[in-house]
Structures are given as C-alpha cells and as structure tokens.
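Colleague: structure_32.csv (CSV, C-alpha atoms and all ligand atoms) pasted underneath:
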```csv
chain,number,residue,atom,x,y,z
A,3,MET,CA,-54.6,116.7,-232.6
A,4,GLU,CA,-52.8,114.9,-229.9
A,5,ILE,CA,-49.6,115.1,-231.8
A,6,ARG,CA,-50.0,118.9,-232.3
A,7,ILE,CA,-50.4,119.4,-228.6
A,8,GLU,CA,-47.4,117.3,-227.9
A,9,GLU,CA,-45.3,119.3,-230.3
A,10,LEU,CA,-46.6,122.6,-228.9
A,11,LYS,CA,-45.6,121.5,-225.4
A,12,LYS,CA,-42.1,120.6,-226.3
A,13,GLN,CA,-41.5,123.7,-228.4
A,14,SER,CA,-43.2,126.3,-226.0
A,15,PHE,CA,-41.5,125.1,-222.8
A,16,LYS,CA,-38.1,125.1,-224.5
A,17,LEU,CA,-38.5,128.7,-225.9
A,18,ILE,CA,-39.9,130.0,-222.6
A,19,GLU,CA,-37.0,128.5,-220.7
A,20,GLU,CA,-34.6,130.2,-223.1
A,21,ALA,CA,-36.2,133.6,-222.8
A,22,LYS,CA,-33.6,136.1,-221.6
A,23,ASP,CA,-35.8,139.1,-220.9
A,24,LEU,CA,-39.4,140.0,-220.1
A,25,LYS,CA,-40.0,141.3,-223.6
A,26,THR,CA,-39.2,138.0,-225.3
A,27,LEU,CA,-41.3,136.3,-222.8
A,28,GLU,CA,-44.3,138.5,-223.5
A,29,ASN,CA,-43.9,137.8,-227.2
A,30,LEU,CA,-44.0,134.1,-226.5
A,31,ARG,CA,-47.1,134.5,-224.4
A,32,VAL,CA,-48.9,136.2,-227.3
A,33,ARG,CA,-47.6,133.6,-229.7
A,34,TYR,CA,-49.1,130.7,-227.7
A,35,LEU,CA,-51.9,132.1,-225.5
A,36,GLY,CA,-52.9,135.3,-227.3
A,37,ARG,CA,-56.2,135.6,-229.1
A,38,LYS,CA,-54.7,134.3,-232.3
A,39,GLY,CA,-52.2,132.2,-230.4
A,40,GLU,CA,-51.2,128.7,-231.4
A,41,LEU,CA,-52.6,127.0,-228.3
A,42,THR,CA,-55.7,129.1,-228.5
A,43,ALA,CA,-56.3,127.9,-232.0
A,44,VAL,CA,-55.9,124.2,-230.9
A,45,LEU,CA,-58.4,124.8,-228.1
A,46,ARG,CA,-60.9,126.4,-230.5
A,47,ASP,CA,-60.6,123.4,-232.8
A,48,LEU,CA,-61.7,121.0,-230.0
A,49,LYS,CA,-65.3,121.7,-230.8
A,50,ASN,CA,-64.9,120.0,-234.2
A,51,LEU,CA,-63.9,116.7,-232.6
A,52,SER,CA,-66.1,113.8,-231.9
A,53,LEU,CA,-67.6,113.5,-228.5
A,54,GLU,CA,-65.3,110.6,-227.6
A,55,ASP,CA,-62.2,112.5,-228.7
A,56,LYS,CA,-63.4,115.7,-226.9
A,57,ARG,CA,-63.6,113.7,-223.7
A,58,LYS,CA,-60.1,112.3,-224.2
A,59,ILE,CA,-58.2,115.3,-225.5
A,60,GLY,CA,-60.2,118.2,-223.9
A,61,PRO,CA,-59.0,117.8,-220.3
A,62,ALA,CA,-55.4,117.2,-221.4
A,63,ALA,CA,-55.4,120.3,-223.5
A,64,GLN,CA,-56.9,122.5,-220.7
A,65,LYS,CA,-54.3,121.1,-218.3
A,66,PHE,CA,-51.5,122.0,-220.7
A,67,ARG,CA,-52.9,125.5,-221.0
A,68,GLN,CA,-52.8,125.9,-217.2
A,69,GLU,CA,-49.3,124.5,-217.0
A,70,LEU,CA,-48.2,126.9,-219.7
A,71,GLU,CA,-49.7,129.9,-217.9
A,72,ASP,CA,-48.0,128.9,-214.6
A,73,PHE,CA,-44.7,128.4,-216.3
A,74,PHE,CA,-45.0,131.9,-217.9
A,75,ASP,CA,-45.7,133.4,-214.5
A,76,SER,CA,-42.8,131.7,-212.7
A,77,VAL,CA,-40.3,132.6,-215.5
A,78,ALA,CA,-41.6,136.2,-215.6
A,79,SER,CA,-41.1,136.7,-211.8
A,80,LYS,CA,-37.6,135.2,-212.0
A,81,LEU,CA,-36.6,137.5,-214.8
A,82,ALA,CA,-38.1,140.5,-213.0
A,83,SER,CA,-36.2,139.9,-209.7
A,84,ALA,CA,-33.0,139.2,-211.6
A,85,ALA,CA,-33.3,142.4,-213.5
A,86,SER,CA,-33.9,144.5,-210.3
A,87,SER,CA,-30.8,142.9,-208.6
A,88,GLY,CA,-28.8,143.5,-211.7
A,89,LYS,CA,-28.0,139.8,-212.1
A,90,THR,CA,-28.8,139.6,-215.8
A,91,SER,CA,-25.6,141.4,-216.8
A,92,ILE,CA,-22.7,140.8,-214.4
A,93,ASP,CA,-19.6,142.5,-215.5
A,94,VAL,CA,-17.0,140.5,-213.6
A,95,THR,CA,-14.2,142.9,-214.6
A,96,MET,CA,-15.9,145.8,-212.8
A,97,PRO,CA,-14.1,147.0,-209.6
A,98,GLY,CA,-15.9,146.0,-206.4
A,99,ARG,CA,-18.0,148.5,-204.6
A,100,LYS,CA,-16.0,150.0,-201.7
A,101,ILE,CA,-17.2,149.0,-198.2
A,102,ALA,CA,-17.7,152.2,-196.2
A,103,VAL,CA,-15.5,151.8,-193.1
A,104,GLY,CA,-15.5,154.4,-190.4
A,105,HIS,CA,-12.5,156.5,-189.5
A,106,LEU,CA,-11.3,158.6,-186.6
A,107,HIS,CA,-12.8,162.0,-186.1
A,108,LEU,CA,-10.6,165.0,-187.1
A,109,LEU,CA,-10.3,166.1,-183.5
A,110,THR,CA,-9.1,162.6,-182.4
A,111,MET,CA,-6.5,162.7,-185.2
A,112,VAL,CA,-5.2,166.1,-184.3
A,113,GLU,CA,-5.1,165.1,-180.6
A,114,LYS,CA,-3.1,162.0,-181.5
A,115,GLU,CA,-0.7,164.1,-183.6
A,116,ILE,CA,-0.2,166.5,-180.6
A,117,ARG,CA,0.4,163.5,-178.3
A,118,ASP,CA,2.9,162.1,-180.7
A,119,ILE,CA,4.9,165.3,-180.9
A,120,PHE,CA,5.1,165.7,-177.2
A,121,LYS,CA,5.9,162.1,-176.6
A,122,ALA,CA,8.8,162.5,-179.0
A,123,MET,CA,10.0,165.3,-176.7
A,124,ASN,CA,9.8,163.0,-173.7
A,125,PHE,CA,6.5,164.3,-172.2
A,126,SER,CA,4.1,161.8,-170.6
A,127,VAL,CA,0.4,161.8,-171.4
A,128,VAL,CA,-1.8,162.1,-168.3
A,129,ASP,CA,-5.5,162.5,-167.7
A,130,GLY,CA,-7.9,163.5,-164.9
A,131,PRO,CA,-11.6,163.6,-164.1
A,132,GLU,CA,-14.1,165.6,-166.0
A,133,VAL,CA,-16.3,166.0,-163.0
A,134,GLU,CA,-14.0,168.0,-160.8
A,135,SER,CA,-14.1,169.7,-157.4
A,136,GLU,CA,-14.1,173.4,-156.9
A,137,TYR,CA,-10.9,173.0,-155.0
A,138,TYR,CA,-8.9,171.6,-157.9
A,139,ASN,CA,-10.5,173.6,-160.7
A,140,PHE,CA,-10.2,176.9,-158.9
A,141,ASP,CA,-8.8,177.3,-155.3
A,142,ALA,CA,-5.6,175.3,-155.7
A,143,LEU,CA,-4.9,177.2,-158.9
A,144,ASN,CA,-4.9,180.4,-157.0
A,145,ILE,CA,-8.4,181.4,-158.0
A,146,PRO,CA,-10.1,181.8,-154.6
A,147,GLN,CA,-13.9,182.1,-154.2
A,148,ASN,CA,-15.2,185.6,-155.0
A,149,HIS,CA,-12.0,186.5,-156.9
A,150,PRO,CA,-12.9,188.3,-160.0
A,151,ALA,CA,-10.7,186.0,-162.1
A,152,ARG,CA,-13.4,183.3,-161.7
A,153,ASP,CA,-15.4,185.3,-164.3
A,154,MET,CA,-12.9,184.0,-166.9
A,155,TRP,CA,-14.6,180.6,-166.5
A,156,ASP,CA,-18.3,180.3,-166.7
A,157,THR,CA,-19.0,177.1,-164.8
A,158,PHE,CA,-21.5,174.3,-164.9
A,159,TRP,CA,-22.1,173.3,-161.3
A,160,LEU,CA,-23.4,169.9,-160.3
A,161,GLN,CA,-26.7,170.0,-158.5
A,162,ASP,CA,-26.1,167.0,-156.2
A,163,ASN,CA,-23.0,168.3,-154.6
A,164,GLN,CA,-21.3,165.6,-152.5
A,165,ASN,CA,-18.0,166.1,-150.9
A,166,VAL,CA,-14.8,165.1,-152.6
A,167,ALA,CA,-11.4,165.0,-150.8
A,168,ASN,CA,-8.0,164.3,-152.4
A,169,GLY,CA,-9.7,162.9,-155.4
A,170,LYS,CA,-11.6,160.3,-153.4
A,171,TRP,CA,-15.4,160.4,-153.2
A,172,GLN,CA,-16.7,160.9,-149.7
A,173,MET,CA,-20.2,161.0,-148.4
A,174,ALA,CA,-21.3,164.4,-147.1
A,175,ASN,CA,-21.4,163.8,-143.3
A,176,GLY,CA,-21.3,167.3,-141.9
A,177,ASN,CA,-18.2,166.8,-139.7
A,178,ASP,CA,-15.7,166.3,-142.6
A,179,LYS,CA,-12.5,167.9,-141.4
A,180,LEU,CA,-11.6,169.0,-144.9
A,181,SER,CA,-14.8,171.0,-145.3
A,182,ALA,CA,-12.8,174.2,-144.7
A,183,ILE,CA,-11.8,173.9,-148.4
A,184,SER,CA,-14.6,173.6,-150.9
A,185,HIS,CA,-15.5,170.3,-152.5
A,186,ARG,CA,-18.4,171.4,-154.4
A,187,LEU,CA,-18.6,169.6,-157.7
A,188,LEU,CA,-18.5,171.1,-161.2
A,189,LEU,CA,-17.6,170.1,-164.8
A,190,ARG,CA,-14.0,171.2,-165.1
A,191,THR,CA,-13.7,174.4,-167.1
A,192,HIS,CA,-10.1,173.7,-168.1
A,193,THR,CA,-7.5,170.9,-167.9
A,194,SER,CA,-5.3,172.9,-165.4
A,195,PRO,CA,-6.7,171.1,-162.3
A,196,VAL,CA,-4.8,168.0,-163.5
A,197,GLN,CA,-1.6,170.0,-162.8
A,198,ILE,CA,-2.4,169.9,-159.0
A,199,ARG,CA,-3.6,166.3,-159.1
A,200,TYR,CA,-0.4,165.2,-160.9
A,201,MET,CA,1.9,167.2,-158.6
A,202,GLU,CA,0.2,165.7,-155.5
A,203,MET,CA,1.3,162.2,-156.6
A,204,HIS,CA,4.7,162.8,-158.3
A,205,LYS,CA,8.0,164.4,-157.5
A,206,PRO,CA,9.8,166.6,-160.1
A,207,PRO,CA,11.5,166.6,-162.5
A,208,PHE,CA,8.8,165.7,-165.0
A,209,GLN,CA,7.0,166.9,-168.1
A,210,ILE,CA,3.4,166.0,-168.9
A,211,ILE,CA,0.6,166.9,-171.2
A,212,VAL,CA,-3.0,166.5,-170.4
A,213,PRO,CA,-5.5,166.2,-173.3
A,214,GLY,CA,-9.1,166.3,-172.2
A,215,LYS,CA,-12.6,167.5,-172.4
A,216,VAL,CA,-13.6,170.7,-170.7
A,217,PHE,CA,-17.0,172.5,-170.2
A,218,ARG,CA,-18.1,176.1,-170.2
A,219,PHE,CA,-21.5,177.5,-169.4
A,220,GLU,CA,-21.5,179.9,-172.4
A,221,ALA,CA,-23.6,180.8,-175.5
A,222,THR,CA,-22.3,179.0,-178.6
A,223,ASP,CA,-21.1,180.8,-181.7
A,224,ALA,CA,-18.5,180.2,-184.5
A,225,SER,CA,-15.6,180.1,-181.9
A,226,HIS,CA,-17.3,179.0,-178.7
A,227,GLU,CA,-18.8,175.7,-177.7
A,228,THR,CA,-20.1,174.5,-174.3
A,229,ASN,CA,-17.8,171.6,-174.4
A,230,PHE,CA,-14.5,171.4,-176.2
A,231,TYR,CA,-11.0,170.0,-175.8
A,232,GLN,CA,-7.8,171.4,-174.3
A,233,VAL,CA,-4.3,170.2,-174.0
A,234,GLU,CA,-2.5,171.2,-170.8
A,235,GLY,CA,1.3,171.2,-170.5
A,236,LEU,CA,3.4,171.2,-167.4
A,237,MET,CA,7.1,170.9,-166.9
A,238,VAL,CA,8.7,171.2,-163.4
A,239,GLY,CA,12.2,170.8,-162.3
A,240,LYS,CA,14.9,172.7,-160.3
A,241,ASP,CA,15.9,175.0,-163.2
A,242,VAL,CA,13.1,175.0,-165.7
A,243,SER,CA,12.9,178.4,-167.3
A,244,LEU,CA,11.0,180.6,-169.7
A,245,ALA,CA,13.6,179.8,-172.3
A,246,ASN,CA,12.7,176.1,-172.0
A,247,LEU,CA,9.0,177.0,-172.5
A,248,LYS,CA,9.9,179.0,-175.6
A,249,PHE,CA,12.0,176.1,-177.1
A,250,VAL,CA,9.3,173.5,-176.4
A,251,ILE,CA,6.5,175.6,-177.9
A,252,ARG,CA,8.5,176.6,-180.9
A,253,GLU,CA,9.5,173.0,-181.6
A,254,PHE,CA,5.9,171.9,-181.1
A,255,PHE,CA,4.5,174.3,-183.7
A,256,LYS,CA,7.3,173.6,-186.1
A,257,ARG,CA,6.4,169.9,-186.0
A,258,LEU,CA,2.6,170.5,-186.0
A,259,PHE,CA,2.6,172.8,-189.0
A,260,ASP,CA,5.5,171.0,-190.7
A,261,LYS,CA,7.6,174.2,-191.1
A,262,LYS,CA,9.5,176.7,-189.1
A,263,ILE,CA,7.0,179.1,-187.7
A,264,ASN,CA,7.5,182.3,-185.8
A,265,ILE,CA,6.0,182.7,-182.4
A,266,ARG,CA,5.5,185.7,-180.2
A,267,LEU,CA,5.0,185.9,-176.4
A,268,ARG,CA,2.8,188.7,-175.1
A,269,PRO,CA,2.3,189.5,-171.4
A,270,SER,CA,-1.1,188.3,-170.2
A,271,TYR,CA,-2.8,187.2,-166.9
A,272,PHE,CA,-3.8,183.8,-165.6
A,273,PRO,CA,-4.0,183.4,-161.8
A,274,PHE,CA,-1.9,180.2,-161.8
A,275,VAL,CA,1.2,181.6,-163.6
A,276,GLU,CA,3.5,184.4,-163.1
A,277,PRO,CA,4.5,185.9,-165.4
A,278,GLY,CA,1.5,184.9,-167.6
A,279,LEU,CA,1.7,184.9,-171.3
A,280,GLU,CA,-0.3,184.6,-174.4
A,281,VAL,CA,1.4,182.8,-177.3
A,282,ASP,CA,0.8,183.9,-180.8
A,283,VAL,CA,1.9,182.1,-184.0
A,284,GLN,CA,2.5,183.8,-187.3
A,285,CYS,CA,-0.6,183.5,-189.4
A,286,VAL,CA,-0.4,180.2,-191.4
A,287,LYS,CA,-2.5,181.7,-194.2
A,288,CYS,CA,-0.9,185.0,-195.0
A,289,GLY,CA,2.5,184.2,-193.5
A,290,GLY,CA,2.3,187.2,-191.1
A,291,LYS,CA,1.7,189.9,-193.7
A,292,GLY,CA,-1.9,190.4,-192.8
A,293,LEU,CA,-2.7,190.5,-196.5
A,294,ILE,CA,-3.4,188.0,-199.2
A,295,SER,CA,-2.3,188.7,-202.8
A,296,GLN,CA,-5.0,187.8,-205.3
A,297,SER,CA,-4.7,187.8,-209.1
A,298,GLY,CA,-8.2,187.5,-210.5
A,299,THR,CA,-9.4,190.8,-211.8
A,300,ALA,CA,-10.1,191.2,-215.5
A,301,ASP,CA,-6.8,192.9,-216.3
A,302,SER,CA,-5.2,190.3,-214.0
A,303,ALA,CA,-3.7,193.0,-211.9
A,304,LYS,CA,-2.7,191.9,-208.4
A,305,ARG,CA,-4.9,193.0,-205.6
A,306,ASN,CA,-4.2,192.8,-201.9
A,307,LEU,CA,-7.0,191.5,-199.7
A,308,GLY,CA,-7.1,191.5,-195.9
A,309,CYS,CA,-6.4,188.1,-194.4
A,310,ASN,CA,-9.6,186.8,-192.9
A,311,ILE,CA,-7.9,184.2,-190.7
A,312,CYS,CA,-5.8,186.6,-188.6
A,313,LYS,CA,-8.0,189.6,-189.2
A,314,ASN,CA,-5.1,191.5,-190.9
A,315,SER,CA,-2.9,191.3,-187.8
A,316,GLY,CA,-0.5,188.7,-189.1
A,317,TRP,CA,-0.7,186.8,-185.8
A,318,LEU,CA,-3.0,184.1,-184.3
A,319,GLU,CA,-3.6,183.7,-180.6
A,320,ILE,CA,-3.0,180.1,-179.9
A,321,MET,CA,-2.4,179.3,-176.3
A,322,GLY,CA,-2.0,180.6,-172.7
A,323,ALA,CA,1.2,179.9,-170.8
A,324,GLY,CA,3.5,181.1,-168.1
A,325,MET,CA,5.7,180.2,-165.2
A,326,VAL,CA,3.9,178.2,-162.5
A,327,HIS,CA,2.8,180.5,-159.7
A,328,PRO,CA,4.4,179.8,-156.3
A,329,ARG,CA,0.9,179.5,-154.7
A,330,VAL,CA,0.2,176.6,-157.1
A,331,PHE,CA,3.3,174.8,-155.9
A,332,GLU,CA,2.3,175.4,-152.3
A,333,ALA,CA,-1.1,173.9,-152.9
A,334,ALA,CA,0.6,170.8,-154.3
A,335,HIS,CA,3.0,170.8,-151.2
A,336,TYR,CA,6.1,171.7,-153.3
A,337,ASN,CA,8.7,174.1,-152.0
A,338,PRO,CA,8.5,177.1,-154.5
A,339,GLU,CA,12.1,178.0,-153.5
A,340,GLU,CA,13.2,174.6,-154.7
A,341,TYR,CA,11.2,174.1,-157.9
A,342,GLN,CA,10.1,176.1,-160.8
A,343,GLY,CA,8.3,175.2,-164.0
A,344,PHE,CA,6.2,176.3,-166.9
A,345,ALA,CA,2.6,175.5,-167.9
A,346,PHE,CA,0.5,176.0,-171.0
A,347,GLY,CA,-3.0,175.4,-172.2
A,348,LEU,CA,-4.3,175.2,-175.7
A,349,GLY,CA,-7.6,174.6,-177.3
A,350,LEU,CA,-7.6,171.5,-179.6
A,351,GLU,CA,-10.4,172.8,-181.8
A,352,ARG,CA,-8.7,176.1,-182.4
A,353,ILE,CA,-5.5,174.3,-183.5
A,354,ALA,CA,-7.5,172.0,-185.9
A,355,MET,CA,-9.4,175.1,-187.2
A,356,ILE,CA,-6.2,176.9,-188.0
A,357,LYS,CA,-4.4,173.8,-189.4
A,358,TYR,CA,-7.4,172.8,-191.7
A,359,GLY,CA,-9.0,176.2,-192.3
A,360,ILE,CA,-12.3,175.3,-190.6
A,361,PRO,CA,-14.5,178.4,-190.1
A,362,ASP,CA,-16.8,177.3,-187.3
A,363,ILE,CA,-16.2,175.2,-184.2
A,364,ARG,CA,-19.7,173.9,-184.2
A,365,LEU,CA,-18.9,171.8,-187.3
A,366,PHE,CA,-16.9,169.4,-185.2
A,367,TYR,CA,-20.0,168.5,-183.2
A,368,SER,CA,-22.6,168.7,-185.9
A,369,GLY,CA,-22.3,165.0,-186.8
A,370,ASP,CA,-22.5,166.1,-190.5
A,371,LEU,CA,-20.8,163.4,-192.5
A,372,ARG,CA,-20.1,165.8,-195.4
A,373,PHE,CA,-17.8,167.6,-193.0
A,374,ILE,CA,-16.4,164.6,-191.2
A,375,ASN,CA,-15.6,162.6,-194.3
A,376,GLN,CA,-13.4,165.3,-195.7
A,377,PHE,CA,-10.6,164.3,-193.3
B,401,LIG,N1,-6.5,177.1,-168.3
B,401,LIG,C1,-6.4,178.3,-169.1
B,401,LIG,C2,-7.8,178.5,-169.8
B,401,LIG,O1,-8.6,177.6,-169.8
B,401,LIG,C3,-5.4,178.1,-170.2
B,401,LIG,C4,-4.0,178.2,-169.6
B,401,LIG,C5,-3.4,179.4,-169.6
B,401,LIG,C6,-3.4,177.1,-169.1
B,401,LIG,C7,-2.1,179.5,-169.0
B,401,LIG,C8,-2.1,177.2,-168.6
B,401,LIG,C9,-1.5,178.4,-168.5
B,401,LIG,O2,-1.5,176.1,-168.1
B,401,LIG,O3,-0.3,178.5,-168.0
B,401,LIG,O4,-8.1,179.5,-170.2
```
Could you spell out this file's structure in structure tokens?
Modeller:
Amino acid sequence: MEIRIEELKKQSFKLIEEAKDLKTLENLRVRYLGRKGELTAVLRDLKNLSLEDKRKIGPAAQKFRQELEDFFDSVASKLASAASSGKTSIDVTMPGRKIAVGHLHLLTMVEKEIRDIFKAMNFSVVDGPEVESEYYNFDALNIPQNHPARDMWDTFWLQDNQNVANGKWQMANGNDKLSAISHRLLLRTHTSPVQIRYMEMHKPPFQIIVPGKVFRFEATDASHETNFYQVEGLMVGKDVSLANLKFVIREFFKRLFDKKINIRLRPSYFPFVEPGLEVDVQCVKCGGKGLISQSGTADSAKRNLGCNICKNSGWLEIMGAGMVHPRVFEAAHYNPEEYQGFAFGLGLERIAMIKYGIPDIRLFYSGDLRFINQF
C-alpha cells in the first residue's frame, strides 16, 4: 500500500505540473480525486488494513490527499491568470501594439502653417493680451463709444473693471489723469488691438502677424463660437500700398492651398481701415463654378449639383482687410502723412474648415477624439 501511494505521488505531481490547460488539469483531478479516482480507491482500501497499518498509513495518505488538492488549486489559478493575460500563446512575431501618443490639435497645426508662410515672407509673429482695455479694442481703432460700428462686436465685459493705462495695470484711484479715455476691461473681440500696441512700441517699416484667441458674446451655431482664433496682419512703411496687400494675400493663399488661387477684393467697411475690403477666394471645392458635376445616376448621365461650400456663388469670404485709417496712425502717434500701411484679419477656424471641408465650427471644441484623430 505504501508503495502504491508513493507511486501515485510521483506520477500525479508530475502530470499536474505538465498540464498545459485547465481542461487537462480537470481530467487529472477526476483521475486521482474523483469518485472512481485512483487515490480515492486507495483511501477506500484503508479500511481493510490492520489497525496497526491503518495508524501508520492512514494519516500519510490523508496528508497526500490534502497536498494533491492544494497543488491542483495552485496550478489551476496559475493557468487561469495566464490564460486571461494571453501568456499561454505568445506569438513573438506579432507586431507590437502601437502606443497611443497625442498630437497637435488641427487648429494648432493650421496656425503653425500660417505662421510659417508669413515668416517665410519676412513677417514677425507678435502677440497681445486676451483681457484688453476698451481703449485698445475699440477707441484707438476709430470705434468710439456709442458709435454704431460697435454693434459689429458683441462684447464680454469684465465685471471687476480696474484701470489699465498703456498696457500697465493701475489701481483705480479716482484721480487717474488718463481717465479721460476709457480703460474698462473686456475680452478682446478681435486681434486688431495688437496693431495699436505694436505701433506704440515700434517704428516702421515692419510687417507682423498676430495669431490669437478672441471672444464674442454671441449665440453659437455651425459658423459661430463664443471663442475662436484670428490672425491679424499689419504692414507699415513709407510707401506700402494696396498692391502690396494684394500680392501678400495672393501669395499666402497660394502657399496655404498649395495651388494658384484666384482672389477678389470687394469694398467693405471696417472703422480702422480706409478703404475697407472683404477678400474672397475662389471656392476650393467647385473651383469657382458654383456647381459640382456628379456622375452617379442609373444611366450614369452627368448631373450638376449646386456647390454647398460656396452656396453656388463660386467665391468664399475669407478675410477683412484694408489700408490703415489715418485715425489709427494718430492713436499710435504716427504721422499719417508720413506712413501708410495695410491690415487684414482672418478667422483661423474658417480657414481650417475650408481647407479640410469641416462643416461645423463647434467640432473644434467638442473634444471628440473621433474628430480630432482624423488630422
Ligand atoms: N478685426 C476685424 C473683425 O474682427 C477683422 C479685420 C478686418 C481686421 C479688416 C483687419 C482689417 O485688420 O483691416 O471682424
């Protein structure tokens, strides 16, 4: 009997150790510990032994049964955890799983592209404060208080309105000499105030762009957001002309859209430029035709559909521009008889929407990775 137990021990531990999966292990459990199992049979035979042998062999046999059960359990849990972590079948030739790394947001990429184009044309990149004074955002840009042009910019005003003078913070003290001009604070509604700030600190000639965040107190829809990005441009010198503006803008769009693209200047109004212009580019989708040819009907006849990007007009409004107004130069203490220049302002989202065919501005700020990861 003792020899049988010894043999069972050797054999069973070896086989359990070699078990590759839970099914094999379960079969072994039945083979040794099941109702008709080999060890169960041995234990049953104990009752036929003499009392002396029972005393000697009984406890050893029970101990073995306990050890065997424990061993089954520990191997079973090892196999189970290996199976769930996939370790049982490692295919070392399989390509590794890609680590998800972040990337720049589409708007950041487009802004960088715009910066690079202008830098290559010798423009400097400048920035200014997002919390701005009424003076820089409006008055100095020839938009006086109570002027109807202010309606063009719905404004977020700051509640705690301290005084700001020449870009430096000042405590409201009641006898501020500069209080004749308004230093009420707001969130800038456009990047144009940086024109004044830059001119106060620099002498022409120069050419700058100002990318930055702007804010409007407006209802949102597919083409309006309460905060968005603009890129302002300003070039000032003794003989900067509208022809220079045309060249710079045409060159910019050619590089941005990677092809020669027609532009059109329309008269428009902005208080800080004279003349003021609206710049249109030929529709990037329909190529200016206002129609898109489609072959897809059953008889594969060609149909012409209206272009939904330019609303059949063939042109896309893309930026405001103009020649800097003499009043703006005066506010910056430049002599308007000596200097002239052009300015422009464009919406970054609008550019990205046109370039990548994005239908809704709110997508940029949705935080939806299905959108963000496409770029
Ligand atoms: N600041 C204008 C806006 O937000 C855009 C603009 C128009 C900027 C004409 C300019 C300009 O510099 O010349 O609507």
Colleague: Give me the residues within 8 Å of Leu293 (chain A) as a list in words, counting all atoms listed in the file and dropping any in the same chain fewer than 5 places off.
Modeller: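 Close residues of Leu293 (chain A): Cys288, Asn306, Leu307, Gly308, Cys309, Asn314 and Gly316 of chain A.
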Colleague: Might you pull out every residue within 9 Å of Gly359 (chain A), with all atoms listed in the file counted and same-chain residues fewer than 3 positions away left off, and present them as JSON, numbers by chain?
Modeller: {"A": [287, 311, 354, 355, 356]}
Colleague: Between CA of Tyr341 (chain A) and CA of Lys248 (chain A), what is the distance, to one decimal in Å?
Modeller: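 According to the coordinates, CA of Tyr341 (chain A) and CA of Lys248 (chain A) are separated by 18.4 Å.
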Colleague: Please, what distance in Å, to one decimal, runs between CA of Tyr358 (chain A) and atom C3 of ligand LIG 401 (chain B)?
Modeller: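 Computing it gives 22.2 Å between the two atoms.
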Colleague: What is the distance between CA of Lys11 (chain A) and CA of Glu54 (chain A), in Å to one decimal?
Modeller: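 Here the two named atoms are 22.6 Å from each other.
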Colleague: Name the residues, by chain letter and number, that sit within 9 Å of ligand LIG 401 (chain B) using only C-alpha atoms and all ligand atoms, and give them as a ChimeraX atom specification.
Modeller: /A:154-155,191-195,197,216,232-236,270-276,278-280,321-326,344-349
Colleague: Using all atoms listed in the file, which residues sit within 10 Å of region 17-32 of chain A once same-chain residues fewer than 4 positions away are excluded, as a list of chain:residue names?
Modeller: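 Here the answer would be A:Lys12, A:Gln13, A:Gly36, A:Arg37, A:Lys38, A:Gly39, A:Glu40, A:Leu41, A:Thr42, A:Leu70, A:Glu71, A:Phe73, A:Phe74, A:Asp75, A:Val77, A:Ala78, A:Ser79, A:Lys80, A:Leu81, A:Ala82, A:Ala84, A:Ala85, A:Thr90.
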Colleague: In terms of the shortest atom-to-atom distance over all atoms listed in the file, which of A:Lys256, A:Arg199, A:Lys215, A:Lys240 is closest to Val330 (chain A)?
Modeller: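 For Val330 (chain A), the nearest of the given residues is A:Arg199.
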Colleague: Kindly provide, as a PyMOL selection string, the polymer residues lying within 6 Å of (0.3, 182.8, -178.2), counting only C-alpha atoms and using the coordinates exactly as they appear in the file.
Modeller: chain A and resi 267+280-282+319-321
Colleague: When you look at Phe377 (chain A) with a cut-off of 10 Å (counting all atoms listed in the file), what residues show up, excluding the ones that are within fewer than 6 positions of it in the same chain? I need them as JSON, numbers by chain.
Modeller: {"A": [105, 106, 107, 108, 109, 111, 358]}
Colleague: I need the residue nearest Ala334 (chain A) from this list: A:Arg257, A:Gly289, A:Phe249, A:Pro206. Use all atoms listed in the file for the distance.
Modeller: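 Checking each candidate against Ala334 (chain A), we get A:Pro206 as the closest.
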Colleague: Calculated over only C-alpha atoms, which of the candidates A:Ile5, A:Leu35, A:Leu350, A:Ala43 has the smallest distance to Lys114 (chain A)?
Modeller: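 For Lys114 (chain A), the nearest of the candidates is A:Leu350.
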Colleague: Box time for region 7-23 of chain A: axis-aligned, enclosing all its listed atoms, 5 Å extra on each side; report centre and edge lengths in Å to one decimal, as JSON.
Modeller:
```
{"center_x": -42.0, "center_y": 128.2, "center_z": -225.5, "size_x": 26.8, "size_y": 31.8, "size_z": 19.6}
```
Colleague: Taking 2 positions as the minimum chain separation for residues in the same chain, which residues sit within 7 Å of Ser126 (chain A) when counting all atoms listed in the file? Answer as number ranges by chain.
Modeller: A: 121, 124, 128, 209-211
